[in-house]
Each structure stands twice: as C-alpha cells, then as structure tokens.
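**Q** My structure is in upload-v8.txt, and what it holds is compact mmCIF, C-alpha atoms:
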# COMPACT_ATOMS: atom_id res chain seq x y z
CA ALA A 1 12.04 -10.55 -14.28
CA LEU A 2 8.54 -11.55 -15.30
CA ALA A 3 6.82 -13.34 -12.45
CA GLY A 4 3.30 -14.01 -11.27
CA PRO A 5 2.80 -17.33 -9.48
CA GLY A 6 -0.65 -18.66 -10.21
CA PHE A 7 -1.14 -16.17 -13.08
CA PRO A 8 -0.91 -17.83 -16.49
CA VAL A 9 0.96 -15.59 -18.91
CA ASP A 10 0.38 -16.31 -22.58
CA LYS A 11 3.69 -16.41 -24.48
CA SER A 12 2.37 -14.25 -27.29
CA MET A 13 1.16 -11.67 -24.77
CA ARG A 14 4.57 -11.67 -23.07
CA ALA A 15 6.31 -11.18 -26.44
CA ALA A 16 3.96 -8.34 -27.36
CA CYS A 17 4.64 -6.64 -24.04
CA LEU A 18 8.39 -6.86 -24.51
CA ARG A 19 8.24 -5.65 -28.15
CA ALA A 20 6.28 -2.60 -27.01
CA LEU A 21 9.07 -1.59 -24.65
CA GLY A 22 11.77 -0.92 -27.20
CA PRO A 23 15.36 -0.75 -25.88
CA ALA A 24 15.49 -1.81 -22.25
CA LEU A 25 17.12 0.33 -19.59
CA PRO A 26 20.34 -1.02 -18.02
CA ARG A 27 19.55 -3.59 -15.31
CA GLN A 28 20.29 -2.22 -11.87
CA PRO A 29 19.67 -4.42 -8.83
CA PHE A 30 17.17 -2.65 -6.55
CA ALA A 31 17.27 -4.34 -3.13
CA ALA A 32 20.91 -5.39 -3.52
CA LEU A 33 22.18 -1.84 -3.89
CA SER A 34 21.37 -0.86 -0.32
CA SER A 35 22.88 -4.07 1.09
CA ALA A 36 26.13 -4.14 -0.90
CA ALA A 37 28.22 -3.04 2.07
CA ARG A 38 26.77 -5.78 4.28
CA ARG A 39 28.00 -8.37 1.79
CA GLY A 40 31.57 -7.07 1.99
CA ARG A 41 31.43 -5.07 -1.24
CA LYS A 42 32.42 -1.45 -1.59
CA LYS A 43 29.71 0.84 -0.26
CA LEU A 44 27.96 2.75 -3.02
CA ASP A 45 27.62 6.51 -2.90
CA PRO A 46 24.07 7.14 -1.51
CA ALA A 47 23.16 9.52 -4.34
CA ALA A 48 24.40 7.08 -7.01
CA ALA A 49 22.58 4.20 -5.34
CA ARG A 50 19.32 6.15 -5.31
CA VAL A 51 19.67 7.03 -9.00
CA ALA A 52 20.31 3.38 -9.85
CA GLN A 53 17.34 2.21 -7.76
CA GLU A 54 15.02 4.70 -9.41
CA ALA A 55 16.21 3.64 -12.88
CA HIS A 56 15.50 0.01 -12.02
CA LEU A 57 12.06 0.93 -10.68
CA GLN A 58 11.28 2.93 -13.82
CA GLU A 59 12.20 -0.07 -15.96
CA ALA A 60 9.89 -2.35 -13.97
CA LEU A 61 7.04 0.15 -14.28
CA ARG A 62 7.57 0.33 -18.05
CA LEU A 63 7.01 -3.43 -18.15
CA VAL A 64 3.92 -3.20 -15.95
CA ARG A 65 2.36 -0.46 -18.08
CA ALA A 66 3.21 -2.22 -21.35
CA CYS A 67 1.47 -5.39 -20.14
CA ALA A 68 -1.72 -3.58 -19.11
CA VAL A 69 -3.56 -4.44 -22.33
CA ARG A 70 -7.11 -5.08 -21.14
CA GLY A 71 -8.59 -1.91 -22.62
CA TYR A 72 -9.27 0.07 -19.43
CA ASP A 73 -7.25 2.06 -16.92
CA GLU A 74 -5.90 -0.75 -14.75
CA GLY A 75 -4.68 -0.24 -11.22
CA VAL A 76 -1.03 -0.74 -10.30
CA SER A 77 0.08 -2.24 -6.99
CA VAL A 78 3.22 -3.41 -5.22
CA ASP A 79 3.41 -6.64 -3.23
CA VAL A 80 6.15 -6.83 -0.61
CA HIS A 81 6.90 -10.38 0.55
CA LEU A 82 8.39 -9.78 3.98
CA ASN A 83 10.64 -12.08 5.97
CA VAL A 84 8.30 -11.95 8.99
CA ASP A 85 5.77 -14.36 10.48
CA ALA A 86 2.55 -12.35 10.45
CA LYS A 87 0.89 -14.90 12.73
CA ARG A 88 3.15 -13.82 15.57
CA THR A 89 1.91 -10.71 17.34
CA GLU A 90 5.37 -9.18 17.72
CA GLU A 91 6.09 -9.57 13.99
CA ARG A 92 2.92 -8.04 12.59
CA VAL A 93 3.50 -5.20 10.15
CA ARG A 94 0.91 -2.50 9.64
CA GLY A 95 0.83 1.25 9.24
CA GLN A 96 -0.10 4.17 7.04
CA VAL A 97 1.56 5.99 4.18
CA MET A 98 0.74 9.22 2.39
CA LEU A 99 1.14 8.59 -1.32
CA PRO A 100 2.40 11.78 -3.04
CA HIS A 101 -0.07 11.41 -5.92
CA GLY A 102 -2.89 9.48 -4.24
CA GLN A 103 -4.41 6.34 -5.73
CA GLY A 104 -6.57 7.94 -8.40
CA LYS A 105 -9.84 7.02 -6.75
CA THR A 106 -12.40 8.62 -4.47
CA VAL A 107 -12.05 7.47 -0.88
CA ARG A 108 -15.20 7.44 1.24
CA VAL A 109 -14.46 8.24 4.88
CA ALA A 110 -16.70 7.46 7.85
CA VAL A 111 -16.09 9.32 11.11
CA PHE A 112 -17.54 8.32 14.47
CA ALA A 113 -17.68 11.52 16.50
CA ARG A 114 -20.02 13.83 18.39
CA GLY A 115 -20.58 17.56 18.77
CA ALA A 116 -17.85 19.91 17.57
CA ASP A 117 -15.70 17.01 16.33
CA ALA A 118 -18.59 15.80 14.17
CA ASP A 119 -19.03 19.30 12.73
CA ALA A 120 -15.30 19.51 11.99
CA ALA A 121 -15.41 16.15 10.21
CA ARG A 122 -18.29 17.27 8.00
CA ALA A 123 -16.53 20.55 7.18
CA ALA A 124 -13.37 18.62 6.23
CA GLY A 125 -15.27 16.47 3.73
CA ALA A 126 -16.12 13.25 5.62
CA ASP A 127 -18.78 11.23 3.80
CA LEU A 128 -20.48 9.73 6.85
CA VAL A 129 -20.47 11.24 10.34
CA GLY A 130 -22.23 10.17 13.49
CA ALA A 131 -22.08 8.18 16.70
CA GLU A 132 -24.80 5.80 17.93
CA GLU A 133 -26.94 6.36 14.85
CA LEU A 134 -24.02 5.54 12.52
CA VAL A 135 -23.21 2.43 14.57
CA ALA A 136 -26.80 1.29 14.06
CA GLU A 137 -26.45 1.76 10.29
CA VAL A 138 -23.24 -0.29 10.25
CA LEU A 139 -24.89 -3.08 12.23
CA ALA A 140 -27.74 -3.00 9.71
CA GLY A 141 -25.24 -3.65 6.91
CA ARG A 142 -24.08 -0.25 5.71
CA LEU A 143 -20.42 -0.50 4.71
CA ASP A 144 -20.13 1.92 1.78
CA PHE A 145 -16.83 3.43 2.95
CA GLU A 146 -13.12 2.57 2.74
CA ARG A 147 -11.67 4.41 5.76
CA VAL A 148 -12.97 4.72 9.32
CA LEU A 149 -11.86 7.28 11.89
CA ALA A 150 -13.11 7.79 15.43
CA THR A 151 -12.62 10.19 18.32
CA PRO A 152 -11.77 8.71 21.74
CA ASP A 153 -15.17 9.60 23.23
CA ALA A 154 -16.99 7.69 20.46
CA LEU A 155 -15.14 4.41 21.02
CA PRO A 156 -17.56 2.98 23.67
CA ALA A 157 -20.47 3.32 21.24
CA LEU A 158 -18.37 1.98 18.37
CA ALA A 159 -17.45 -1.17 20.31
CA LYS A 160 -20.79 -2.70 19.29
CA ALA A 161 -19.70 -2.61 15.64
CA ALA A 162 -16.31 -4.24 16.25
CA ARG A 163 -17.54 -7.65 15.09
CA VAL A 164 -18.54 -6.09 11.75
CA LEU A 165 -15.66 -3.67 11.19
CA GLY A 166 -12.86 -5.77 12.70
CA PRO A 167 -12.78 -8.63 10.15
CA LYS A 168 -12.68 -6.05 7.35
CA GLY A 169 -9.74 -4.21 8.87
CA LEU A 170 -11.82 -1.08 9.42
CA MET A 171 -12.08 -0.94 13.22
CA PRO A 172 -10.36 2.23 14.50
CA ASN A 173 -7.30 1.56 16.62
CA PRO A 174 -4.92 4.01 18.34
CA LYS A 175 -1.90 2.00 17.14
CA ARG A 176 -3.01 2.45 13.53
CA GLY A 177 -3.59 6.17 13.93
CA THR A 178 -7.31 5.91 13.24
CA VAL A 179 -8.39 7.08 16.69
CA VAL A 180 -7.85 10.82 16.34
CA THR A 181 -8.22 14.09 18.18
CA GLU A 182 -7.38 16.35 15.22
CA VAL A 183 -10.41 15.26 13.23
CA ALA A 184 -10.25 17.74 10.36
CA ALA A 185 -6.59 17.02 9.57
CA ALA A 186 -7.15 13.25 9.73
CA VAL A 187 -10.11 13.42 7.33
CA GLN A 188 -8.18 15.60 4.88
CA GLN A 189 -5.24 13.19 4.89
CA ALA A 190 -7.51 10.18 4.34
CA LYS A 191 -9.21 11.90 1.42
CA ALA A 192 -5.90 13.11 -0.05
CA GLY A 193 -4.28 9.71 -0.46
CA GLN A 194 -3.26 8.31 2.92
CA VAL A 195 -3.30 4.53 2.61
CA GLU A 196 -3.38 1.89 5.32
CA PHE A 197 -1.43 -1.34 4.89
CA ARG A 198 -0.95 -4.54 6.85
CA ALA A 199 0.78 -7.86 6.32
CA GLN A 200 -1.48 -10.78 5.48
CA ASN A 201 -1.03 -14.27 6.93
CA GLN A 202 1.83 -15.12 4.57
CA GLY A 203 3.71 -11.93 5.41
CA VAL A 204 2.72 -10.17 2.18
CA VAL A 205 1.84 -6.46 2.17
CA MET A 206 -0.02 -5.12 -0.87
CA VAL A 207 -0.27 -1.38 -1.52
CA GLY A 208 -2.18 0.16 -4.42
CA LEU A 209 -0.03 2.75 -6.20
CA GLY A 210 -2.56 4.30 -8.56
CA LYS A 211 -3.59 3.82 -12.17
CA VAL A 212 -1.63 2.95 -15.31
CA SER A 213 -2.53 6.40 -16.65
CA PHE A 214 -0.50 8.02 -13.86
CA GLY A 215 2.66 7.46 -15.88
CA ALA A 216 5.93 5.97 -14.70
CA ASP A 217 7.15 9.04 -12.80
CA ARG A 218 4.09 9.42 -10.56
CA LEU A 219 3.86 5.68 -9.99
CA ALA A 220 7.55 5.60 -9.07
CA ASP A 221 7.05 8.39 -6.52
CA ASN A 222 4.18 6.46 -4.95
CA ALA A 223 6.14 3.20 -5.00
CA ILE A 224 9.14 4.75 -3.25
CA ALA A 225 6.90 6.22 -0.53
CA ALA A 226 5.06 2.92 -0.07
CA LEU A 227 8.22 0.81 0.10
CA ALA A 228 9.84 3.17 2.60
CA ALA A 229 6.78 2.99 4.86
CA VAL A 230 6.37 -0.80 4.66
CA LEU A 231 10.05 -1.58 5.22
CA GLY A 232 10.23 0.98 8.02
CA ALA A 233 7.26 -0.63 9.79
CA ARG A 234 9.05 -3.96 10.24
CA PRO A 235 10.17 -4.98 13.74
CA ASP A 236 13.61 -3.63 14.66
CA ARG A 237 15.39 -6.96 14.25
CA PHE A 238 14.28 -7.19 10.60
CA ARG A 239 15.25 -3.69 9.54
CA GLY A 240 18.15 -3.51 7.12
CA LYS A 241 17.64 -7.12 6.04
CA PRO A 242 16.51 -7.92 2.48
CA VAL A 243 12.92 -9.01 1.96
CA HIS A 244 11.96 -12.21 0.14
CA ARG A 245 10.54 -10.45 -2.88
CA ILE A 246 9.03 -7.20 -4.22
CA THR A 247 6.62 -7.46 -7.15
CA LEU A 248 4.85 -4.81 -9.22
CA SER A 249 1.76 -5.60 -11.28
CA SER A 250 -1.31 -4.13 -12.93
CA THR A 251 -4.81 -5.44 -12.22
CA ASN A 252 -4.72 -8.10 -14.94
CA GLY A 253 -1.05 -8.13 -15.86
CA PRO A 254 1.79 -10.44 -14.86
CA GLY A 255 3.96 -9.63 -11.86
CA ILE A 256 7.27 -7.86 -12.44
CA ASP A 257 9.88 -8.67 -9.80
CA LEU A 258 12.34 -6.06 -8.60
CA ASP A 259 15.80 -7.64 -8.40
Before anything else, please render the file you have as structure tokens.

**A**
Amino acid sequence: ALAGPGFPVDKSMRAACLRALGPALPRQPFAALSSAARRGRKKLDPAAARVAQEAHLQEALRLVRACAVRGYDEGVSVDVHLNVDAKRTEERVRGQVMLPHGQGKTVRVAVFARGADADAARAAGADLVGAEELVAEVLAGRLDFERVLATPDALPALAKAARVLGPKGLMPNPKRGTVVTEVAAAVQQAKAGQVEFRAQNQGVVMVGLGKVSFGADRLADNAIAALAAVLGARPDRFRGKPVHRITLSSTNGPGIDLD
C-alpha cells in the first residue's frame, strides 16, 4: 500500500512508479502471517511463513526502488510504529543491530579511552581517540562523528560533555552497549555496520537500511535484521503483539506500508 502521511505524492509520479514495476508479486500479508495462530486460524508452517514474508518484503522494496527517481543514490529506511508509549521509562525501546550489509556509508567513530585501550582503538580504526583532550574538543563544538564509545575509566572525564552528547543521543551508556571493555571489537563492529536505534516520542523507530543501489536482496537482508532487533527490544508484555505500522521508504519517495 502506498502511504506517506505528510508527503504529497503526485499522481503522475505514482503511476510512473507502478508502470516501472511490471507484473506485481502475489500479495502476502507480512505481520499477519506470524500472528495467524493467535487469531484462531491454522498455524502456518514456519518455513512457508518465512518465504511468504520475504516475498512480501521484496515486493515492497521493488516499489521503494522504483519510486526513487530523484537522480541520485537515495537512502532506504524502515519506520516501525510501535504500540508503546516512549514517554514512559519502562516502555522505551532502544538497542543495536548489526546490519549484514552495512548502510553504505562511512561511519566516524569517537572513542574516549586512555593508555592501552586508546592504542587498541586507534589500531582498530577509530577516527577520534582521547580522554580529557577529546572532551575539551567536544565542548568546543567538535561533533564530526556518528558513534561514540567509552571505556569505564574514561566516564568521569566524559561526564562534562553529557550536556552536549546527551541531546544528540551520543552519550555512552552501559545499557546501550557503548561503554565497552573490548575496545577493538566494539570499534570494528561500529565501523562494519552496527546501528543504534531508539523509539522517538511517538513510539516510532527509524533504521537506515542502506542505499537504493544495494538491490532488493541486500536491502531485504538488512530489513529482516533490523525488524528482528527492534521487535525483540520491546518490553516483554508487548512481544508477540502486532505493531501499528511498518513503512519502507527512500529519501524522497513515498512510504510503502507492509501489510
């Protein structure tokens, strides 16, 4: 289903997108397949359900890629509208996921560490490494990085930068896995495609899946990994329940809802 609240979709553009697709794949409900048994219907064979889900996802990605007509390699993302109240502490959803094919972009990683840990971070490919001196740079306005890691012994010095890093979602936190002891492994994972996610105020989690040029197969692999991580990060009482909505879109394209 074409969606996109707040995004005006020109009818001629929509028609051009659909013409470019050719014969559509059979419609297979995505979220409904896993919940069929809970609605009193015959439980689907797990292997058959997975095949049907992947076919449905491939169809949605065909639509997304066909509507990416802006003349450059647009990004593709998935928005998961959860049935949680993100304003309540016990219902906040956040975590990390390793995308099998990365996001197709260079991730700059800053590591707050000292001594041997700092050396290990540099050897692993961290872009910025330091302790008090790096804190001073952040306080002076340096924020040219997307991921921040810290060792436990560097946290007291890093506390001064919390008012700068916190609002941007960059402040290291043990619960998010960004306070690390295995520095080299953490840096390598961050550079290789590990992505952090968190629910915004309206309970929506957005995860970038890569570029249109990835192709449907690689985007589908990333989408499956992202959805599994986001849905698995929900509080226990929400697990197994359907979400409000899952939407795929390119940077400038309309949203494509998964059924």

**Q** Using only C-alpha atoms, can you list as an MDAnalysis selection string the residues within 10 Å of (-8.7, 18.9, 11.6)?

**A** chainID A and resid 117 120:121 123:124 180:189

**Q** Residues within 6 Å of (-22.4, 9.5, 15.2), file coordinates, counting all atoms listed in the file: what are they? Give the list as number ranges by chain.

**A** A: 112-114, 129-134

**Q** Report, as lines of an AutoDock Vina configuration file, the centre and edge lengths in Å (one decimal) of the axis-aligned box enclosing every listed atom of segment 183-191 of chain A, padded by 8 Å on each side.

**A**
center_x = -7.8
center_y = 14.0
center_z = 7.3
size_x = 21.2
size_y = 23.6
size_z = 27.8

**Q** Given the choices A:Thr106, A:Asn201, A:Ser249, A:Asn83, which gets closest to Ala66 of chain A if the distance is worked out from only C-alpha atoms?

**A**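 Of the candidates, the smallest distance to Ala66 of chain A is held by A:Ser249.
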
**Q** Might you pull out every residue within 10 Å of segment 85-97 of chain A, with all atoms listed in the file counted and same-chain residues fewer than 6 positions away left off, and present them as a PDB file with C-alpha atoms, in the frame of the given file?

**A**
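To be explicit, this is the file written out as out05.pdb:
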ATOM      1  CA  LYS A 175      -1.900   2.000  17.140  1.00  0.00           C
ATOM      2  CA  ARG A 176      -3.010   2.450  13.530  1.00  0.00           C
ATOM      3  CA  GLY A 177      -3.590   6.170  13.930  1.00  0.00           C
ATOM      4  CA  THR A 178      -7.310   5.910  13.240  1.00  0.00           C
ATOM      5  CA  GLN A 189      -5.240  13.190   4.890  1.00  0.00           C
ATOM      6  CA  ALA A 190      -7.510  10.180   4.340  1.00  0.00           C
ATOM      7  CA  GLY A 193      -4.280   9.710  -0.460  1.00  0.00           C
ATOM      8  CA  GLN A 194      -3.260   8.310   2.920  1.00  0.00           C
ATOM      9  CA  VAL A 195      -3.300   4.530   2.610  1.00  0.00           C
ATOM     10  CA  GLU A 196      -3.380   1.890   5.320  1.00  0.00           C
ATOM     11  CA  PHE A 197      -1.430  -1.340   4.890  1.00  0.00           C
ATOM     12  CA  ARG A 198      -0.950  -4.540   6.850  1.00  0.00           C
ATOM     13  CA  ALA A 199       0.780  -7.860   6.320  1.00  0.00           C
ATOM     14  CA  GLN A 200      -1.480 -10.780   5.480  1.00  0.00           C
ATOM     15  CA  ASN A 201      -1.030 -14.270   6.930  1.00  0.00           C
ATOM     16  CA  GLN A 202       1.830 -15.120   4.570  1.00  0.00           C
ATOM     17  CA  GLY A 203       3.710 -11.930   5.410  1.00  0.00           C
ATOM     18  CA  VAL A 204       2.720 -10.170   2.180  1.00  0.00           C
ATOM     19  CA  VAL A 205       1.840  -6.460   2.170  1.00  0.00           C
ATOM     20  CA  VAL A 207      -0.270  -1.380  -1.520  1.00  0.00           C
ATOM     21  CA  ASN A 222       4.180   6.460  -4.950  1.00  0.00           C
ATOM     22  CA  ALA A 225       6.900   6.220  -0.530  1.00  0.00           C
ATOM     23  CA  ALA A 226       5.060   2.920  -0.070  1.00  0.00           C
ATOM     24  CA  LEU A 227       8.220   0.810   0.100  1.00  0.00           C
ATOM     25  CA  ALA A 228       9.840   3.170   2.600  1.00  0.00           C
ATOM     26  CA  ALA A 229       6.780   2.990   4.860  1.00  0.00           C
ATOM     27  CA  VAL A 230       6.370  -0.800   4.660  1.00  0.00           C
ATOM     28  CA  LEU A 231      10.050  -1.580   5.220  1.00  0.00           C
ATOM     29  CA  GLY A 232      10.230   0.980   8.020  1.00  0.00           C
ATOM     30  CA  ALA A 233       7.260  -0.630   9.790  1.00  0.00           C
ATOM     31  CA  ARG A 234       9.050  -3.960  10.240  1.00  0.00           C
ATOM     32  CA  PRO A 235      10.170  -4.980  13.740  1.00  0.00           C
ATOM     33  CA  ASP A 236      13.610  -3.630  14.660  1.00  0.00           C
ATOM     34  CA  ARG A 237      15.390  -6.960  14.250  1.00  0.00           C
ATOM     35  CA  PHE A 238      14.280  -7.190  10.600  1.00  0.00           C
TER      36      PHE A 238
END

**Q** What is the atom CA of Thr251 of chain A to atom CA of Arg239 of chain A distance in Å?

**A**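 Separation of atom CA of Thr251 of chain A and atom CA of Arg239 of chain A: 29.6 Å.
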